[in-house]
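Peer 1: I am sharing structure.txt, which consists of compact mmCIF, N, CA and C atoms:
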# COMPACT_ATOMS: atom_id res chain seq x y z
N MET N 128 -82.89 -65.07 -111.12
CA MET N 128 -83.41 -64.55 -109.88
C MET N 128 -82.35 -64.58 -108.77
N ASN N 129 -81.56 -65.69 -108.72
CA ASN N 129 -80.50 -65.80 -107.73
C ASN N 129 -79.46 -64.70 -107.92
N ALA N 130 -79.13 -64.40 -109.14
CA ALA N 130 -78.16 -63.35 -109.43
C ALA N 130 -78.68 -61.99 -108.98
N LEU N 131 -79.98 -61.75 -109.14
CA LEU N 131 -80.58 -60.49 -108.70
C LEU N 131 -80.53 -60.36 -107.18
N LEU N 132 -80.83 -61.43 -106.46
CA LEU N 132 -80.77 -61.42 -105.00
C LEU N 132 -79.35 -61.21 -104.51
N LYS N 133 -78.38 -61.88 -105.14
CA LYS N 133 -76.97 -61.71 -104.76
C LYS N 133 -76.52 -60.27 -105.00
N SER N 134 -76.93 -59.71 -106.13
CA SER N 134 -76.57 -58.34 -106.45
C SER N 134 -77.18 -57.36 -105.44
N LYS N 135 -78.45 -57.59 -105.08
CA LYS N 135 -79.14 -56.72 -104.10
C LYS N 135 -78.46 -56.83 -102.73
N SER N 136 -78.08 -58.03 -102.32
CA SER N 136 -77.39 -58.23 -101.04
C SER N 136 -76.03 -57.54 -101.04
N LEU N 137 -75.32 -57.62 -102.15
CA LEU N 137 -74.02 -56.98 -102.26
C LEU N 137 -74.15 -55.46 -102.15
N VAL N 138 -75.16 -54.89 -102.77
CA VAL N 138 -75.40 -53.45 -102.68
C VAL N 138 -75.74 -53.06 -101.25
N GLN N 139 -76.57 -53.86 -100.56
CA GLN N 139 -76.93 -53.56 -99.18
C GLN N 139 -75.70 -53.62 -98.27
N VAL N 140 -74.89 -54.64 -98.43
CA VAL N 140 -73.68 -54.76 -97.62
C VAL N 140 -72.75 -53.59 -97.89
N SER N 141 -72.60 -53.21 -99.14
CA SER N 141 -71.74 -52.08 -99.49
C SER N 141 -72.24 -50.79 -98.87
N CYS N 142 -73.55 -50.57 -98.91
CA CYS N 142 -74.14 -49.36 -98.32
C CYS N 142 -73.92 -49.33 -96.81
N TRP N 143 -74.13 -50.46 -96.14
CA TRP N 143 -73.92 -50.52 -94.69
C TRP N 143 -72.45 -50.29 -94.35
N SER N 144 -71.57 -50.86 -95.13
CA SER N 144 -70.13 -50.67 -94.89
C SER N 144 -69.75 -49.20 -95.03
N LEU N 145 -70.28 -48.56 -96.04
CA LEU N 145 -70.01 -47.14 -96.25
C LEU N 145 -70.57 -46.32 -95.09
N ALA N 146 -71.78 -46.64 -94.65
CA ALA N 146 -72.40 -45.91 -93.54
C ALA N 146 -71.58 -46.05 -92.26
N VAL N 147 -71.10 -47.26 -91.98
CA VAL N 147 -70.28 -47.48 -90.79
C VAL N 147 -68.97 -46.72 -90.91
N ALA N 148 -68.34 -46.76 -92.06
CA ALA N 148 -67.08 -46.04 -92.26
C ALA N 148 -67.27 -44.54 -92.07
N LEU N 149 -68.33 -43.99 -92.61
CA LEU N 149 -68.61 -42.56 -92.45
C LEU N 149 -68.90 -42.22 -90.99
N ALA N 150 -69.63 -43.07 -90.30
CA ALA N 150 -69.93 -42.82 -88.89
C ALA N 150 -68.66 -42.81 -88.06
N CYS N 151 -67.77 -43.75 -88.32
CA CYS N 151 -66.51 -43.80 -87.57
C CYS N 151 -65.66 -42.58 -87.87
N THR N 152 -65.59 -42.17 -89.12
CA THR N 152 -64.82 -40.99 -89.50
C THR N 152 -65.41 -39.75 -88.86
N SER N 153 -66.72 -39.62 -88.86
CA SER N 153 -67.38 -38.45 -88.28
C SER N 153 -67.15 -38.39 -86.79
N ALA N 154 -67.25 -39.52 -86.10
CA ALA N 154 -67.05 -39.55 -84.65
C ALA N 154 -65.63 -39.11 -84.30
N ALA N 155 -64.66 -39.57 -85.07
CA ALA N 155 -63.28 -39.19 -84.80
C ALA N 155 -63.07 -37.70 -85.02
N ALA N 156 -63.76 -37.12 -85.98
CA ALA N 156 -63.59 -35.70 -86.29
C ALA N 156 -64.17 -34.80 -85.21
N LEU N 157 -65.05 -35.35 -84.37
CA LEU N 157 -65.70 -34.55 -83.35
C LEU N 157 -64.87 -34.42 -82.08
N ALA N 158 -63.81 -35.19 -81.95
CA ALA N 158 -62.99 -35.16 -80.75
C ALA N 158 -61.84 -34.17 -80.91
N GLU N 159 -61.56 -33.44 -79.83
CA GLU N 159 -60.40 -32.54 -79.78
C GLU N 159 -59.41 -33.16 -78.80
N THR N 160 -58.30 -33.70 -79.30
CA THR N 160 -57.27 -34.26 -78.44
C THR N 160 -56.12 -33.28 -78.39
N MET N 161 -55.76 -32.91 -77.17
CA MET N 161 -54.70 -31.92 -76.97
C MET N 161 -53.55 -32.54 -76.19
N ASN N 162 -52.34 -32.42 -76.71
CA ASN N 162 -51.14 -32.77 -75.95
C ASN N 162 -50.76 -31.52 -75.18
N VAL N 163 -50.79 -31.60 -73.86
CA VAL N 163 -50.57 -30.40 -73.05
C VAL N 163 -49.21 -30.44 -72.36
N LYS N 164 -48.58 -29.29 -72.30
CA LYS N 164 -47.34 -29.08 -71.56
C LYS N 164 -47.64 -28.03 -70.51
N LEU N 165 -47.61 -28.41 -69.23
CA LEU N 165 -47.97 -27.50 -68.14
C LEU N 165 -46.71 -26.85 -67.58
N SER N 166 -46.82 -25.55 -67.27
CA SER N 166 -45.68 -24.83 -66.69
C SER N 166 -46.16 -23.88 -65.60
N GLY N 167 -45.24 -23.54 -64.73
CA GLY N 167 -45.53 -22.59 -63.66
C GLY N 167 -45.76 -21.19 -64.19
N ALA N 168 -45.17 -20.87 -65.33
CA ALA N 168 -45.31 -19.53 -65.91
C ALA N 168 -46.76 -19.23 -66.28
N GLU N 169 -47.58 -20.27 -66.55
CA GLU N 169 -48.98 -20.05 -66.92
C GLU N 169 -49.90 -19.94 -65.72
N GLU N 170 -49.39 -20.27 -64.52
CA GLU N 170 -50.23 -20.14 -63.32
C GLU N 170 -50.49 -18.67 -63.02
N VAL N 171 -51.54 -18.40 -62.26
CA VAL N 171 -51.90 -17.04 -61.85
C VAL N 171 -51.99 -17.02 -60.32
N PRO N 172 -51.01 -16.38 -59.63
CA PRO N 172 -49.80 -15.75 -60.17
C PRO N 172 -48.81 -16.83 -60.63
N ALA N 173 -47.86 -16.41 -61.46
CA ALA N 173 -46.85 -17.34 -62.00
C ALA N 173 -46.06 -17.98 -60.86
N VAL N 174 -45.69 -19.23 -61.05
CA VAL N 174 -44.90 -19.97 -60.07
C VAL N 174 -43.50 -20.17 -60.65
N GLN N 175 -42.49 -19.74 -59.91
CA GLN N 175 -41.10 -19.92 -60.33
C GLN N 175 -40.64 -21.29 -59.85
N GLY N 176 -39.93 -22.00 -60.68
CA GLY N 176 -39.40 -23.30 -60.28
C GLY N 176 -39.20 -24.19 -61.48
N SER N 177 -38.74 -25.39 -61.19
CA SER N 177 -38.43 -26.32 -62.27
C SER N 177 -39.55 -27.33 -62.51
N GLY N 178 -40.67 -27.20 -61.80
CA GLY N 178 -41.78 -28.14 -61.98
C GLY N 178 -42.42 -28.00 -63.35
N SER N 179 -42.92 -29.13 -63.84
CA SER N 179 -43.62 -29.13 -65.12
C SER N 179 -44.65 -30.25 -65.11
N GLY N 180 -45.40 -30.32 -66.16
CA GLY N 180 -46.37 -31.38 -66.31
C GLY N 180 -46.64 -31.63 -67.77
N SER N 181 -47.18 -32.80 -68.06
CA SER N 181 -47.53 -33.11 -69.44
C SER N 181 -48.68 -34.10 -69.43
N GLY N 182 -49.33 -34.20 -70.57
CA GLY N 182 -50.43 -35.14 -70.68
C GLY N 182 -51.20 -34.97 -71.96
N THR N 183 -52.29 -35.70 -72.02
CA THR N 183 -53.18 -35.66 -73.17
C THR N 183 -54.60 -35.56 -72.65
N ILE N 184 -55.34 -34.59 -73.17
CA ILE N 184 -56.74 -34.39 -72.80
C ILE N 184 -57.57 -34.46 -74.08
N THR N 185 -58.67 -35.21 -74.02
CA THR N 185 -59.60 -35.29 -75.15
C THR N 185 -60.97 -34.80 -74.70
N ILE N 186 -61.52 -33.88 -75.47
CA ILE N 186 -62.88 -33.39 -75.23
C ILE N 186 -63.67 -33.66 -76.50
N ASN N 187 -64.70 -34.48 -76.36
CA ASN N 187 -65.54 -34.84 -77.50
C ASN N 187 -66.66 -33.83 -77.68
N ASP N 188 -67.26 -33.85 -78.86
CA ASP N 188 -68.31 -32.88 -79.19
C ASP N 188 -69.51 -32.99 -78.27
N ASP N 189 -69.72 -34.15 -77.64
CA ASP N 189 -70.83 -34.29 -76.68
C ASP N 189 -70.45 -33.81 -75.29
N GLY N 190 -69.21 -33.31 -75.13
CA GLY N 190 -68.74 -32.79 -73.85
C GLY N 190 -68.02 -33.82 -73.00
N SER N 191 -67.97 -35.08 -73.41
CA SER N 191 -67.28 -36.09 -72.61
C SER N 191 -65.78 -35.80 -72.61
N VAL N 192 -65.17 -36.05 -71.45
CA VAL N 192 -63.76 -35.71 -71.22
C VAL N 192 -63.00 -36.97 -70.83
N SER N 193 -61.81 -37.13 -71.41
CA SER N 193 -60.92 -38.21 -70.99
C SER N 193 -59.50 -37.69 -71.06
N GLY N 194 -58.59 -38.45 -70.46
CA GLY N 194 -57.20 -38.07 -70.52
C GLY N 194 -56.54 -38.04 -69.17
N SER N 195 -55.27 -37.68 -69.18
CA SER N 195 -54.50 -37.65 -67.94
C SER N 195 -53.34 -36.68 -68.04
N VAL N 196 -52.83 -36.32 -66.87
CA VAL N 196 -51.64 -35.47 -66.77
C VAL N 196 -50.70 -36.06 -65.72
N THR N 197 -49.41 -35.79 -65.90
CA THR N 197 -48.39 -36.27 -64.98
C THR N 197 -47.48 -35.10 -64.62
N ALA N 198 -47.11 -35.02 -63.34
CA ALA N 198 -46.23 -33.95 -62.86
C ALA N 198 -44.77 -34.42 -62.87
N SER N 199 -43.88 -33.44 -62.99
CA SER N 199 -42.44 -33.72 -62.94
C SER N 199 -41.76 -32.60 -62.17
N GLY N 200 -40.85 -32.98 -61.26
CA GLY N 200 -40.07 -31.98 -60.53
C GLY N 200 -40.74 -31.46 -59.26
N PHE N 201 -41.88 -32.01 -58.88
CA PHE N 201 -42.54 -31.65 -57.63
C PHE N 201 -43.51 -32.76 -57.24
N THR N 202 -43.97 -32.73 -55.99
CA THR N 202 -44.92 -33.73 -55.51
C THR N 202 -46.33 -33.20 -55.68
N PRO N 203 -47.11 -33.78 -56.59
CA PRO N 203 -48.46 -33.28 -56.85
C PRO N 203 -49.46 -33.75 -55.79
N THR N 204 -50.47 -32.93 -55.55
CA THR N 204 -51.53 -33.30 -54.60
C THR N 204 -52.89 -33.45 -55.28
N ALA N 205 -53.11 -32.76 -56.38
CA ALA N 205 -54.40 -32.81 -57.08
C ALA N 205 -54.24 -32.25 -58.48
N ALA N 206 -55.20 -32.56 -59.34
CA ALA N 206 -55.23 -31.99 -60.69
C ALA N 206 -56.68 -31.83 -61.10
N HIS N 207 -56.95 -30.80 -61.89
CA HIS N 207 -58.32 -30.50 -62.31
C HIS N 207 -58.33 -29.81 -63.66
N ILE N 208 -59.52 -29.82 -64.28
CA ILE N 208 -59.81 -28.89 -65.37
C ILE N 208 -60.65 -27.79 -64.75
N HIS N 209 -60.28 -26.55 -65.04
CA HIS N 209 -60.98 -25.37 -64.52
C HIS N 209 -61.58 -24.59 -65.68
N GLU N 210 -62.60 -23.82 -65.38
CA GLU N 210 -63.12 -22.86 -66.35
C GLU N 210 -62.49 -21.52 -66.03
N GLY N 211 -61.74 -20.95 -66.98
CA GLY N 211 -61.09 -19.67 -66.78
C GLY N 211 -60.27 -19.28 -67.99
N LYS N 212 -60.32 -18.01 -68.29
CA LYS N 212 -59.54 -17.47 -69.41
C LYS N 212 -58.05 -17.49 -69.06
N ALA N 213 -57.21 -17.43 -70.07
CA ALA N 213 -55.77 -17.30 -69.85
C ALA N 213 -55.53 -16.06 -69.01
N GLY N 214 -54.69 -16.19 -67.98
CA GLY N 214 -54.39 -15.06 -67.12
C GLY N 214 -55.37 -14.86 -65.98
N ALA N 215 -56.35 -15.74 -65.86
CA ALA N 215 -57.34 -15.64 -64.77
C ALA N 215 -57.58 -17.02 -64.18
N ASN N 216 -57.89 -17.04 -62.89
CA ASN N 216 -58.22 -18.30 -62.23
C ASN N 216 -59.72 -18.54 -62.34
N GLY N 217 -60.11 -19.81 -62.26
CA GLY N 217 -61.52 -20.16 -62.36
C GLY N 217 -61.86 -21.38 -61.52
N LYS N 218 -63.15 -21.69 -61.53
CA LYS N 218 -63.64 -22.79 -60.69
C LYS N 218 -63.30 -24.15 -61.31
N VAL N 219 -63.18 -25.15 -60.42
CA VAL N 219 -62.95 -26.53 -60.86
C VAL N 219 -64.23 -27.05 -61.51
N ILE N 220 -64.07 -27.66 -62.70
CA ILE N 220 -65.24 -28.27 -63.35
C ILE N 220 -65.07 -29.77 -63.58
N VAL N 221 -63.82 -30.25 -63.64
CA VAL N 221 -63.57 -31.69 -63.75
C VAL N 221 -62.42 -32.05 -62.80
N PRO N 222 -62.75 -32.56 -61.62
CA PRO N 222 -61.69 -33.02 -60.72
C PRO N 222 -61.12 -34.35 -61.22
N PHE N 223 -59.80 -34.46 -61.26
CA PHE N 223 -59.15 -35.68 -61.72
C PHE N 223 -58.95 -36.63 -60.54
N THR N 224 -58.77 -37.89 -60.84
CA THR N 224 -58.48 -38.89 -59.82
C THR N 224 -57.03 -39.33 -59.98
N LYS N 225 -56.39 -39.62 -58.84
CA LYS N 225 -54.98 -40.03 -58.84
C LYS N 225 -54.91 -41.52 -59.12
N GLU N 226 -54.05 -41.87 -60.07
CA GLU N 226 -53.81 -43.26 -60.45
C GLU N 226 -52.31 -43.46 -60.52
N GLY N 227 -51.71 -43.85 -59.42
CA GLY N 227 -50.25 -43.99 -59.40
C GLY N 227 -49.60 -42.63 -59.51
N ASP N 228 -48.78 -42.44 -60.55
CA ASP N 228 -48.06 -41.18 -60.75
C ASP N 228 -48.82 -40.18 -61.61
N LYS N 229 -50.02 -40.55 -62.06
CA LYS N 229 -50.75 -39.63 -62.93
C LYS N 229 -52.14 -39.34 -62.37
N PHE N 230 -52.72 -38.27 -62.91
CA PHE N 230 -54.08 -37.88 -62.57
C PHE N 230 -54.91 -37.99 -63.83
N SER N 231 -56.09 -38.61 -63.71
CA SER N 231 -56.92 -38.86 -64.89
C SER N 231 -58.33 -38.33 -64.71
N ALA N 232 -58.94 -37.94 -65.81
CA ALA N 232 -60.36 -37.57 -65.79
C ALA N 232 -61.14 -38.84 -65.44
N PRO N 233 -62.08 -38.75 -64.50
CA PRO N 233 -62.82 -39.95 -64.12
C PRO N 233 -63.76 -40.41 -65.24
N ALA N 234 -64.06 -41.69 -65.26
CA ALA N 234 -65.00 -42.23 -66.24
C ALA N 234 -66.32 -41.48 -66.12
N GLY N 235 -66.89 -41.12 -67.23
CA GLY N 235 -68.18 -40.42 -67.24
C GLY N 235 -68.08 -38.91 -67.08
N ALA N 236 -66.85 -38.37 -66.99
CA ALA N 236 -66.69 -36.91 -66.87
C ALA N 236 -67.26 -36.25 -68.12
N LYS N 237 -68.03 -35.20 -67.92
CA LYS N 237 -68.68 -34.55 -69.06
C LYS N 237 -68.87 -33.06 -68.77
N LEU N 238 -68.59 -32.24 -69.76
CA LEU N 238 -68.81 -30.80 -69.66
C LEU N 238 -70.28 -30.49 -69.92
N THR N 239 -70.76 -29.42 -69.30
CA THR N 239 -72.11 -28.93 -69.61
C THR N 239 -72.04 -28.19 -70.95
N PRO N 240 -73.17 -27.89 -71.56
CA PRO N 240 -73.13 -27.12 -72.81
C PRO N 240 -72.40 -25.77 -72.65
N ASP N 241 -72.59 -25.08 -71.53
CA ASP N 241 -71.89 -23.81 -71.31
C ASP N 241 -70.38 -24.01 -71.18
N GLN N 242 -69.98 -25.08 -70.49
CA GLN N 242 -68.55 -25.38 -70.35
C GLN N 242 -67.94 -25.77 -71.69
N LEU N 243 -68.69 -26.51 -72.51
CA LEU N 243 -68.22 -26.88 -73.84
C LEU N 243 -68.02 -25.63 -74.70
N LYS N 244 -68.92 -24.68 -74.57
CA LYS N 244 -68.79 -23.39 -75.28
C LYS N 244 -67.52 -22.66 -74.81
N ALA N 245 -67.30 -22.67 -73.49
CA ALA N 245 -66.09 -22.04 -72.94
C ALA N 245 -64.84 -22.72 -73.49
N PHE N 246 -64.86 -24.05 -73.59
CA PHE N 246 -63.72 -24.77 -74.17
C PHE N 246 -63.45 -24.31 -75.59
N LYS N 247 -64.50 -24.23 -76.39
CA LYS N 247 -64.34 -23.83 -77.79
C LYS N 247 -63.81 -22.41 -77.92
N GLU N 248 -64.02 -21.59 -76.87
CA GLU N 248 -63.51 -20.22 -76.85
C GLU N 248 -62.12 -20.14 -76.21
N GLY N 249 -61.56 -21.28 -75.79
CA GLY N 249 -60.23 -21.30 -75.18
C GLY N 249 -60.22 -20.94 -73.72
N ASP N 250 -61.38 -21.05 -73.06
CA ASP N 250 -61.49 -20.60 -71.67
C ASP N 250 -61.53 -21.73 -70.64
N LEU N 251 -60.84 -22.83 -70.94
CA LEU N 251 -60.64 -23.90 -69.95
C LEU N 251 -59.15 -24.12 -69.80
N TYR N 252 -58.74 -24.57 -68.62
CA TYR N 252 -57.34 -24.92 -68.41
C TYR N 252 -57.24 -26.12 -67.49
N VAL N 253 -56.12 -26.81 -67.58
CA VAL N 253 -55.82 -27.92 -66.68
C VAL N 253 -54.64 -27.50 -65.83
N ASN N 254 -54.69 -27.84 -64.54
CA ASN N 254 -53.52 -27.56 -63.71
C ASN N 254 -53.32 -28.67 -62.69
N ILE N 255 -52.10 -28.67 -62.16
CA ILE N 255 -51.71 -29.64 -61.13
C ILE N 255 -51.29 -28.85 -59.91
N HIS N 256 -51.81 -29.24 -58.76
CA HIS N 256 -51.57 -28.55 -57.49
C HIS N 256 -50.50 -29.27 -56.66
N SER N 257 -49.93 -28.56 -55.71
CA SER N 257 -48.96 -29.14 -54.77
C SER N 257 -49.21 -28.54 -53.39
N ALA N 258 -48.59 -29.12 -52.37
CA ALA N 258 -48.73 -28.57 -51.02
C ALA N 258 -48.11 -27.17 -50.96
N ALA N 259 -47.00 -26.97 -51.67
CA ALA N 259 -46.33 -25.66 -51.67
C ALA N 259 -47.15 -24.62 -52.43
N HIS N 260 -47.93 -25.07 -53.42
CA HIS N 260 -48.74 -24.17 -54.24
C HIS N 260 -50.14 -24.76 -54.38
N PRO N 261 -50.97 -24.62 -53.33
CA PRO N 261 -52.30 -25.23 -53.34
C PRO N 261 -53.24 -24.66 -54.41
N GLY N 262 -52.95 -23.46 -54.90
CA GLY N 262 -53.75 -22.88 -55.98
C GLY N 262 -53.37 -23.40 -57.34
N GLY N 263 -52.23 -24.08 -57.42
CA GLY N 263 -51.74 -24.65 -58.67
C GLY N 263 -50.27 -24.40 -58.85
N GLU N 264 -49.54 -25.45 -59.19
CA GLU N 264 -48.09 -25.33 -59.42
C GLU N 264 -47.78 -25.17 -60.90
N VAL N 265 -48.50 -25.91 -61.75
CA VAL N 265 -48.29 -25.82 -63.20
C VAL N 265 -49.64 -25.83 -63.90
N ARG N 266 -49.68 -25.21 -65.08
CA ARG N 266 -50.96 -25.02 -65.77
C ARG N 266 -50.76 -24.99 -67.28
N ALA N 267 -51.80 -25.39 -67.99
CA ALA N 267 -51.84 -25.26 -69.46
C ALA N 267 -53.27 -24.93 -69.88
N GLN N 268 -53.40 -23.93 -70.71
CA GLN N 268 -54.71 -23.58 -71.28
C GLN N 268 -55.08 -24.64 -72.30
N LEU N 269 -56.34 -25.06 -72.31
CA LEU N 269 -56.83 -26.05 -73.28
C LEU N 269 -57.31 -25.31 -74.51
N LYS N 270 -56.67 -25.56 -75.64
CA LYS N 270 -56.99 -24.85 -76.86
C LYS N 270 -57.45 -25.83 -77.94
N PRO N 271 -58.68 -25.66 -78.40
CA PRO N 271 -59.18 -26.58 -79.44
C PRO N 271 -58.46 -26.38 -80.77
Would you mind writing the file's structure down as C-alpha cells?
Peer 2:
Amino acid sequence: MNALLKSKSLVQVSCWSLAVALACTSAAALAETMNVKLSGAEEVPAVQGSGSGSGTITINDDGSVSGSVTASGFTPTAAHIHEGKAGANGKVIVPFTKEGDKFSAPAGAKLTPDQLKAFKEGDLYVNIHSAAHPGGEVRAQLKP
C-alpha cells in the first residue's frame, strides 16, 4: 500500500511539474520583445542629423507593455509609443517616463484590444522627442 501511495504521489508531482513547465513556456511564447534602433530617417517628416536611439520594447499577448529607450546625439524631452503606420504620424498611446538617461514604459502600461491589433499589423511606433523637434527626433516602427 505504501508503494502505491508513493507511486501515486510521484505521478502527481510529475504532472504538476509538467504543467508548470508548459505554462512558463507558453507565457514566454506570448511576448514580443523587440530590440529597436531609432533614426531620424523614420520620422515624418524625416529629421536630418546624427541623433539616434535604441532600446528594447516588450508587448505581451495581454497587451501589457514594458521596456525602455535611450537617446544618443541629442537632448531628449519625451518618448512615447504611438499608433500609426510607417510613413504616417499618430496619436500617443503609451507615454514613457524619464528615468535618468532613459525613458521607460510606466508600470501597468497596457494596450487596448484595438491597439494590440494595430501592433500585430505593424502600425505602432516608438519615438523620442527633443526641443528642436517636438514632433519627434528619432523613430522606429514596432514590428512583431
Peer 1: Could you name the residues that touch Gly262 in chain N at 8 Å or less, counting only N, CA and C atoms, but leaving out those on the same chain fewer than 4 positions away, as a list in words?
Peer 2: Glu170, Val171, Pro172, Asn254, Ile255, His256, Ser257 and Ala258 of chain N
Peer 1: For each of N:Gly211, N:Gly167, N:Gly235, N:Gly227, take the minimum atom-to-atom distance to Ser193 in chain N, counting only N, CA and C atoms, then give the residue where this is smallest.
Peer 2: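 Answer, going by the shortest atom-to-atom distance: N:Gly235.
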Peer 1: Take atom N of Gly176 in chain N and atom C of Lys218 in chain N and report the distance between them in Å, one decimal.
Peer 2: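 Going from atom N of Gly176 in chain N over to atom C of Lys218 in chain N, I get 23.5 Å.
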Peer 1: Check the smallest atom-to-atom distance from each of N:Ala206, N:Ile184, N:Ala158, N:Val196 to Glu264 in chain N using only C-alpha atoms, then report the winner.
Peer 2: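 Distance minimum relative to Glu264 in chain N lands on N:Ala206.
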Peer 1: Please measure the separation of atom N of Tyr252 in chain N and CA of Thr239 in chain N, giving the value in Å to one decimal.
Peer 2: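 Separation between atom N of Tyr252 in chain N and CA of Thr239 in chain N: 14.1 Å.
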Peer 1: If you run DSSP on the backbone, which residues of range 150-228 of chain N are strand (DSSP E), as a count of residues only?
Peer 2: 39
Peer 1: In Å, rounded to a single decimal, give me how far atom N of Gly194 in chain N is from atom C of Gly249 in chain N.
Peer 2: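 Atom N of Gly194 in chain N lies at a distance of 17.9 Å from atom C of Gly249 in chain N.
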Peer 1: Find the residues near Ser195 in chain N: any atom within 6 Å, counting all atoms listed in the file, skip ones fewer than 6 places away on the same chain, and give them as number ranges by chain.
Peer 2: N: 181-184, 230-232
Peer 1: Looking at only C-alpha atoms, which of N:Asp241, N:Lys229, N:Asp189, N:Val253 is the one that sits closest to Arg266 in chain N?
Peer 2: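 The answer is N:Val253, which sits nearest to Arg266 in chain N.
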Peer 1: I'd like to know which residues of range 218-267 of chain N are alpha helix (DSSP H) (by DSSP, run on the backbone); could you write them as a ChimeraX atom specification?
Peer 2: /N:240-247
Peer 1: Around the point (-67.5, -33.9, -69.1), in the coordinates given by the file, pick out the residues reaching within 6.5 Å, counting only N, CA and C atoms, and return them as a VMD selection string.
Peer 2: chain N and resid 190 to 192 235 to 239
Peer 1: Could you pull the residues within 6.5 Å of Pro233 in chain N, counting all atoms listed in the file, minus those fewer than 3 positions along the same chain, as a PyMOL selection string?
Peer 2: chain N and resi 222-224+236
Peer 1: For Gly178 in chain N, work out the shell of residues within 6.5 Å, counting all atoms listed in the file and skipping chain neighbours fewer than 2 positions away, then give it as a list in words.
Peer 2: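 That gives Leu165, Ser166, Gly167, Gln175, Gly176, Gly180, Ser199, Gly200, Phe201 and Val265 of chain N.
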Peer 1: Of the candidates N:Leu251, N:Leu243, N:Ala234, N:Ala198, which shows the shortest atom-to-atom distance to Ala215 in chain N, using only C-alpha atoms?
Peer 2: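 When distances to Ala215 in chain N are compared using only C-alpha atoms, the smallest one comes from N:Leu251.
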Peer 1: Between N:Ser179, N:Thr185, N:Ala205, N:Ala173, which residue has the minimum interatomic distance to Glu159 in chain N, considering all atoms listed in the file?
Peer 2: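 Closest to Glu159 in chain N of all the choices is N:Thr185.
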